[in-house]
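Colleague: Once you've had a glance at the structure underneath, I'll fire off some questions.
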Amino acid sequence: MRTVYVNGDYIPETEATVSIFDRGFLMADGVYEVTSVLGGKLIDFDGHLARLERSLTELDMLKPAAFDDLLDIHRELVRVNEIDEGMVYLQITRGSDGDRDFVFPDPETTEPTIVLFTQSKPGLANSPAARTGLKVISIPDQRWGRRDIKTVQLLYPSMGKMMAKAQGADDAWMIEDGHVTEGTSNNAYIVSGGRIVTRHLSNDILHGITRAAVLRFAREAQMDVEERAFTLDEAKQADEAFVTSASTFVTPVVEIDGAPVGSGTPGPIAARLREIYLDESLKSAI
Ligand code: PDD
């Protein structure tokens, strides 16, 4: 049985409880991070922590008492649960003042709720999807307008995954004004004429930590990178497509709306970026 962390305590998962009045439960009033673990070490931890801090600030949420100890808590959970490859999930909600109210509770008297747990995923770095590629469908982006904040409002992304599944695909790319915003839980890229194109940062997409690292490595390797919105039509004509996230690293996309991307097989640039990302981020894993 997993050991999880709830508000200062390491406890068996079956004993972990949160109030039914918690605003995370009632109003999706919370933020989260997913950090991958390879070889028992945390990948891109500093980036995830920096984004967490930003998400909290954007929502006027205070840091929980344990904030400065987050690295130790992550490491302890990885250790006690013997995670070699997998993820650490962290969630902070605005907590509960014992009732339901649209107005935020007084932060002086209502401590945020903090929960962390691990997910073991043996073979994460060597996943079959990296070799076969993903099939995606396109769906309208019907999420809210602050997608740069990593909130736990994941109903529409979940619906998107279900729509993909119903069509025999793996995931969905979301479309707004004819342009791809991102995948349901990853950032989206195309490669055309050797140039890597991915949407520029704004409130329209999550500022992926993997995205930042992959673009840095791509530029260091003298690859051509352009950050701008691209259309669904462009994606369908591209030579390659791929996604990035903490749980997929760099994973090729080989089909969009039933039509093959390029040759319909994983492309060389995605493969190279995956290799560089895994090599480099393992070097700085903590
Ligand atoms: N999802 N865009 C969205 C909408 C996401 O949910 C995620 C991450 C990303 C990639 O961000 P990062 O590289 O920092 O993981 C982009 C996580 C993995 C999840 O919800 O499980």
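Following the order of the structure tokens, chains are lettered A, B, ..., residues in each are numbered from 1, and ligands are numbered from 1.
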Tell me which protein, DNA and RNA residues are within 9 Å of range 244-247 of chain A, counting only C-alpha atoms, leaving out same-chain ones fewer than 3 positions away, and put them as a list of chain:residue names.

Modeller: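 Final neighbour list, sorted by chain and number: A:Val34, A:Thr35, A:Ser36, A:Ile43, A:Asp44, A:Gly86, A:Met87, A:Leu124, A:Ser185, A:Asn186, A:Asn187, A:Ala188, A:Tyr189, A:Gly208, A:Ile209, A:Thr210, A:Arg211, A:Val214, A:Val250, A:Thr251, A:Pro252.
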
Colleague: Restrict the calculation to only C-alpha atoms, then for each residue of range 143-187 of chain A with any atom at most 9 Å from an atom of range 54-72 of chain A give the closest atom pair and their distance in Å to one decimal, rows by chain and rising residue number, as CSV.

Modeller:
residue,atom,partner,partner_atom,distance
A:Asp148,CA,A:Ser55,CA,8.0
A:Ile149,CA,A:Ser55,CA,5.1
A:Lys150,CA,A:Ser55,CA,6.2
A:Thr151,CA,A:Ser55,CA,7.8

Colleague: Hey, which of A:Met163, A:Leu26, A:Ala16, A:Leu49 ends up closest to Phe117 in chain A? Count only C-alpha atoms.

Modeller: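 The answer is A:Ala16, which sits nearest to Phe117 in chain A.
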
Colleague: Give me the residues of range 83-170 of chain A that have any atom at most 12 Å from an atom of range 191-205 of chain A; for each, the nearest atom pair and the distance in Å, rounded to one decimal. Use only C-alpha atoms, sort by chain and number, and format it as CSV.

Modeller:
residue,atom,partner,partner_atom,distance
A:Asp141,CA,A:Asp204,CA,9.7
A:Gln142,CA,A:Asp204,CA,11.2
A:Arg143,CA,A:Asp204,CA,9.3
A:Trp144,CA,A:Asp204,CA,8.8
A:Gly145,CA,A:Asp204,CA,6.4
A:Arg146,CA,A:Asn203,CA,5.2
A:Arg147,CA,A:Ile205,CA,5.0
A:Asp148,CA,A:Asn203,CA,4.9
A:Ile149,CA,A:Asn203,CA,8.0
A:Lys150,CA,A:Ile205,CA,9.7

Colleague: Point out the residue among A:Thr113, A:Thr132, A:Gln91, A:Thr248 with the least atom-to-atom distance to Val152 in chain A, counting only C-alpha atoms.

Modeller: A:Gln91

Colleague: Could you check the closest approach to Trp173 in chain A for each of A:Ile114, A:Arg131, A:Ser120, A:Ile256 and tell me which residue wins, using only C-alpha atoms?

Modeller: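 Residue with the minimum atom-to-atom distance to Trp173 in chain A: A:Ile256.
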
Colleague: Using only C-alpha atoms and all ligand atoms, which residue out of A:Pro140, A:Gly95, A:Gly262, A:Gly47 lies closest to ligand 1?

Modeller: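 Checking each candidate against ligand 1, we get A:Gly47 as the closest.
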
Colleague: Skip Val253 in chain A itself and residues of its chain fewer than 6 positions away, then list as a PDB file with N, CA, C and O atoms, in the first residue's frame all residues within 8 Å of it, counting only C-alpha atoms.

Modeller:
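Output saved as result.pdb:
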ATOM      1  N   GLY A 133       4.156   6.010 -31.572  1.00  0.00           N
ATOM      2  CA  GLY A 133       3.536   7.319 -31.784  1.00  0.00           C
ATOM      3  C   GLY A 133       2.071   7.313 -31.368  1.00  0.00           C
ATOM      4  O   GLY A 133       1.462   6.251 -31.202  1.00  0.00           O
ATOM      5  N   LEU A 134       1.534   8.508 -31.196  1.00  0.00           N
ATOM      6  CA  LEU A 134       0.142   8.668 -30.747  1.00  0.00           C
ATOM      7  C   LEU A 134      -0.758   9.065 -31.908  1.00  0.00           C
ATOM      8  O   LEU A 134      -0.330   9.751 -32.832  1.00  0.00           O
ATOM      9  N   LYS A 135      -2.020   8.636 -31.812  1.00  0.00           N
ATOM     10  CA  LYS A 135      -3.046   9.111 -32.738  1.00  0.00           C
ATOM     11  C   LYS A 135      -3.856  10.163 -31.997  1.00  0.00           C
ATOM     12  O   LYS A 135      -4.324   9.898 -30.879  1.00  0.00           O
ATOM     13  N   VAL A 136      -4.031  11.326 -32.591  1.00  0.00           N
ATOM     14  CA  VAL A 136      -4.836  12.358 -31.938  1.00  0.00           C
ATOM     15  C   VAL A 136      -6.018  12.761 -32.820  1.00  0.00           C
ATOM     16  O   VAL A 136      -5.973  12.602 -34.038  1.00  0.00           O
ATOM     17  N   GLU A 240       6.311  16.165 -39.279  1.00  0.00           N
ATOM     18  CA  GLU A 240       6.283  15.434 -38.008  1.00  0.00           C
ATOM     19  C   GLU A 240       5.410  16.204 -37.030  1.00  0.00           C
ATOM     20  O   GLU A 240       5.209  17.414 -37.200  1.00  0.00           O
ATOM     21  N   ALA A 241       4.971  15.521 -36.012  1.00  0.00           N
ATOM     22  CA  ALA A 241       4.294  16.191 -34.903  1.00  0.00           C
ATOM     23  C   ALA A 241       4.675  15.450 -33.625  1.00  0.00           C
ATOM     24  O   ALA A 241       5.047  14.269 -33.665  1.00  0.00           O
ATOM     25  N   PHE A 242       4.609  16.167 -32.505  1.00  0.00           N
ATOM     26  CA  PHE A 242       4.888  15.495 -31.225  1.00  0.00           C
ATOM     27  C   PHE A 242       4.310  16.299 -30.069  1.00  0.00           C
ATOM     28  O   PHE A 242       3.826  17.426 -30.270  1.00  0.00           O
ATOM     29  N   VAL A 243       4.307  15.686 -28.898  1.00  0.00           N
ATOM     30  CA  VAL A 243       3.840  16.361 -27.683  1.00  0.00           C
ATOM     31  C   VAL A 243       4.921  16.261 -26.616  1.00  0.00           C
ATOM     32  O   VAL A 243       5.793  15.391 -26.689  1.00  0.00           O
ATOM     33  N   VAL A 261       0.448  11.763 -40.244  1.00  0.00           N
ATOM     34  CA  VAL A 261       1.323  12.947 -40.255  1.00  0.00           C
ATOM     35  C   VAL A 261       2.625  12.506 -40.920  1.00  0.00           C
ATOM     36  O   VAL A 261       3.251  11.546 -40.478  1.00  0.00           O
ATOM     37  N   PRO A 266       6.853   7.551 -36.369  1.00  0.00           N
ATOM     38  CA  PRO A 266       7.571   8.544 -35.559  1.00  0.00           C
ATOM     39  C   PRO A 266       8.742   9.159 -36.348  1.00  0.00           C
ATOM     40  O   PRO A 266       9.467   8.460 -37.038  1.00  0.00           O
TER      41      PRO A 266
END

Colleague: Output as a list in words all residues of range 140-233 of chain A that backbone DSSP marks as strand (DSSP E).

Modeller: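 Here is the list: Pro140, Asp171, Ala172, Trp173, Met174, Ile175, Glu176, His179, Val180, Thr181, Glu182, Gly183, Asn187, Ala188, Tyr189, Ile190, Val191, Ser192, Arg195, Ile196, Val197, Thr198, Asp224, Val225, Glu226 and Glu227 of chain A.
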